[in-house]
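Contents: one structure, followed by commentary.
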Amino acid sequence: METVDYQELETLRQEVAALKTAKAAGDAQRELLEKLVAMARSPADEEVLKVTLQETLDVCSKLTGAEKGSLFLLDSNGIVTDSILTQREAAAETRARLIGNVLDKGLAGWVNRQREVGLISDTETDDRWLVLPNQPYIVRSALAVPILRGDDLLGILTLLHSSPGQFTPKTANLMQVTADQIALVLENAQLYGRLEDSYRSLDKAKQAIEEYSQALDYELEKGRQIQRDFLPNQIPQLPNWEIAACFYPARQVAGDFYDAFLLPGGNIGLVIADVCDKGVGAALFMALFRSLIRVFSGQTSLSGFSIIGKDVNEGLGNVVDLQVTADLDQINALKAVALTNNYIAEEHAEMSMFATLFFGVLDPDTGALSYINGGHEPLFVLRDGVITQTLNPTGPAVGMMPNMKFKVQQVELAPGDTLIGYTDGVTEARAPDHALFTPKRLLSLLEHPVESASELMENLKSELFTYIDNAPQFDDITILAVHRRE
């Protein structure tokens, strides 16, 4: 019969027990690593973070054999922002007593001050251990590990056991590595939290900008509608005459304008103008120019600039060259250019705003057109596709300086003639490749005979917008055409 070697059997049992312990420790370490990785990947939700830290503390207790443990989280001022205990059911009644006393006088307090691992093999022989009054459990060995990120203490991990010597330097090193991983996760959570705060602030700012943009668009739309009202609602309809116009602002509000209105003596006022600059400022001055021309040409007064009771020469400003056969009503109406120039230059000099402006006064009975071209693009008189006359500038842009000189010129529109005026938004329109439409291309279009002002207008618009295609409109586009029927 074979003899049993009890010593060998005991050694085998010890080896099996050690293997089981090592396997349990390995499983615990693997579980701990999984928890930390999961925590690092999803730090956005505060509740998820707390649950994961609780589970991490539980795994640390399992890995070290600790019976109890706690995890205090600290802010930059060393104030406890949260505490997590291994015994969840005791947390509510125990947390308040633990935090204040332990962080002040206990082992956790020592770690807080020293920023080092605190290892107590026996609490009865180590004065760093604080015995709490009516402490509900016995503690004989303790391990407290600082959770550091650089010089910042983010928290303290504490593990407890009722027997002395439970925790070793090897255990302390393992928990320090764990604490470093927790520190990384906590820092990640803080950074993510700040990022989330930044995103929320950015969203609020974006929402505020969108609300402001909507309000601004609403105001600009109102401005656009108001500006539209400054354009003639109905163009005067006269026997044997046709007046056509188009207006395409580059933005919601524009500096271009045209006008056609009745004047004393049965004359018709014709205006096409382009205020310098773009946007709201140009639109406001467009309304001012338009109103001043209408008011002054109608023999009224504004802000001290009066033409009531004046004869043809008196009060004419610096309009010169009256060596033309012009009706008295036409000459009086043309005073509006000089008066508008002085008003703008004197009352709004600091704004440095001016306009290129053509103002013509037409006698529909005779076809006589007396005009002033204040620095504007030349207008053309067409007959059978031929430019018979060019109405070049007769003075400077209006509003630049007071008392500027403007000459009056006169042409006669015979039956079959068409007068065409435009702003530089036509000739400077850009194709998708940024090439300009150019005056040359415009003149080539005017060589085609037309039967009416509307036909000429449609031809120009069709060619112009085909040329622009899908390119953004660079400037306001305004065209005015007047045709005397056969």
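By order in the structure tokens, chains are A, B, ...; within a chain, residues start at 1; ligands start at 1, following the order shown.
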* Using DSSP on the backbone coordinates, identify all residues within range 94-297 of chain A classified as alpha helix (DSSP H); present the result as a PyMOL selection string. => chain A and resi 94-105+107-114+169-230+279-297
* **Contacts of range 421-426 of chain A within 6 Å, only C-alpha atoms, excl. fewer than 2 positions in-chain, as a PyMOL selection string** => chain A and resi 379+428-429+475-480
* Can you work out the spacing between CA of Lys68 in chain A and CA of Ala108 in chain A in Å, to one decimal? =>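 Computed distance, CA of Lys68 in chain A to CA of Ala108 in chain A, equals 14.3 Å.
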* Please identify all polymer residues within 9 Å of Ala245 in chain A, counting only C-alpha atoms, omitting same-chain residues fewer than 3 positions from it, and present them as a list in words. => Ile235, Tyr258, Asp259, Ala453, Ser454, Met457, Thr478, Ile479, Leu480, Ala481 and Val482 of chain A
Please dump the current selection as a PDB file, in the first residue's frame; keep N, CA and C atoms.
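Output saved as result24.pdb:
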```pdb
ATOM      1  N   ILE A 235     -45.560 104.840 -62.683  1.00  0.00           N
ATOM      2  CA  ILE A 235     -44.872 105.747 -63.604  1.00  0.00           C
ATOM      3  C   ILE A 235     -45.929 106.494 -64.417  1.00  0.00           C
ATOM      4  N   TYR A 258     -34.346 105.451 -59.118  1.00  0.00           N
ATOM      5  CA  TYR A 258     -34.835 106.138 -60.306  1.00  0.00           C
ATOM      6  C   TYR A 258     -36.147 106.810 -59.910  1.00  0.00           C
ATOM      7  N   ASP A 259     -36.565 107.761 -60.714  1.00  0.00           N
ATOM      8  CA  ASP A 259     -37.819 108.441 -60.402  1.00  0.00           C
ATOM      9  C   ASP A 259     -38.406 109.026 -61.676  1.00  0.00           C
ATOM     10  N   ALA A 453     -39.835 101.128 -75.207  1.00  0.00           N
ATOM     11  CA  ALA A 453     -38.931 101.156 -74.052  1.00  0.00           C
ATOM     12  C   ALA A 453     -38.921  99.810 -73.342  1.00  0.00           C
ATOM     13  N   SER A 454     -40.082  99.174 -73.236  1.00  0.00           N
ATOM     14  CA  SER A 454     -40.157  97.879 -72.553  1.00  0.00           C
ATOM     15  C   SER A 454     -39.390  96.808 -73.320  1.00  0.00           C
ATOM     16  N   MET A 457     -35.807  97.375 -72.576  1.00  0.00           N
ATOM     17  CA  MET A 457     -35.540  96.965 -71.196  1.00  0.00           C
ATOM     18  C   MET A 457     -35.410  95.455 -71.088  1.00  0.00           C
ATOM     19  N   THR A 478     -29.793  99.387 -61.988  1.00  0.00           N
ATOM     20  CA  THR A 478     -30.959 100.230 -62.254  1.00  0.00           C
ATOM     21  C   THR A 478     -30.895 100.723 -63.701  1.00  0.00           C
ATOM     22  N   ILE A 479     -32.023 100.643 -64.391  1.00  0.00           N
ATOM     23  CA  ILE A 479     -32.110 101.093 -65.782  1.00  0.00           C
ATOM     24  C   ILE A 479     -33.401 101.902 -65.950  1.00  0.00           C
ATOM     25  N   LEU A 480     -33.301 102.998 -66.670  1.00  0.00           N
ATOM     26  CA  LEU A 480     -34.467 103.827 -66.980  1.00  0.00           C
ATOM     27  C   LEU A 480     -34.500 104.080 -68.486  1.00  0.00           C
ATOM     28  N   ALA A 481     -35.651 103.819 -69.098  1.00  0.00           N
ATOM     29  CA  ALA A 481     -35.786 104.018 -70.545  1.00  0.00           C
ATOM     30  C   ALA A 481     -37.051 104.832 -70.837  1.00  0.00           C
ATOM     31  N   VAL A 482     -36.930 105.791 -71.770  1.00  0.00           N
ATOM     32  CA  VAL A 482     -38.057 106.651 -72.165  1.00  0.00           C
ATOM     33  C   VAL A 482     -38.145 106.611 -73.692  1.00  0.00           C
TER      34      VAL A 482
END
```
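Using only C-alpha atoms, the shortest contact distance between Pro402 in chain A and any of A:Val450, A:Ile272, A:Ala345, A:Val185 is found at A:Ala345.
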* Residue among A:Ala397, A:Lys170, A:Asp75, A:Gly69 lying closest to Val139 in chain A, counting only C-alpha atoms -> A:Gly69
* Among range 202-269 of chain A, which residues carry a DSSP assignment of strand (DSSP E), reported as an MDAnalysis selection string? -> chainID A and resid 241:248 256:262 268:269
* Asked: Quick one: of A:Thr64, A:Gln214, A:Thr125, A:Asn459, who's nearest to Ala172 in chain A, counting only C-alpha atoms?
  -> A:Thr64
* Asked: Pick from A:Leu49, A:Ile79, A:Leu160, A:Ala282: nearest to Lys62 in chain A, with only C-alpha atoms counted?
  ->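 For Lys62 in chain A, the nearest of the candidates is A:Leu160.
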* Nearby residues (only C-alpha atoms) at most 12 Å from Asn77 in chain A, same-chain spacing under 4 positions excluded, as a PyMOL selection string -> chain A and resi 73+81+112+152-155
Just C-alpha atoms for this one: save the residues we selected as an mmCIF file, in the first residue's frame.
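Here's the written file part-v2.cif:
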```cif
data_model
loop_
_atom_site.group_PDB
_atom_site.id
_atom_site.type_symbol
_atom_site.label_atom_id
_atom_site.label_comp_id
_atom_site.auth_asym_id
_atom_site.auth_seq_id
_atom_site.Cartn_x
_atom_site.Cartn_y
_atom_site.Cartn_z
ATOM 1 C CA LEU A 73 -13.260 63.895 -4.806
ATOM 2 C CA THR A 81 -17.196 67.829 -4.007
ATOM 3 C CA ASN A 112 -4.062 65.596 1.795
ATOM 4 C CA ASP A 152 -3.311 69.033 -8.212
ATOM 5 C CA LEU A 153 -4.953 66.681 -5.717
ATOM 6 C CA LEU A 154 -8.140 65.450 -7.354
ATOM 7 C CA GLY A 155 -9.156 62.963 -4.671
#
```
* Considering only C-alpha atoms, state which residue in the set A:Arg484, A:Arg383, A:His434, A:Arg441 is at the smallest distance from Pro415 in chain A. => A:Arg484
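Among A:Thr340, A:Ser452, A:Gln176, A:Thr168, the residue with the shortest atom-to-atom distance to Glu116 in chain A, counting only C-alpha atoms, is A:Gln176.
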* So what do you get for CA of Leu159 in chain A versus CA of Val131 in chain A, distance-wise? ->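 That distance, rounded to one decimal, is 15.2 Å.
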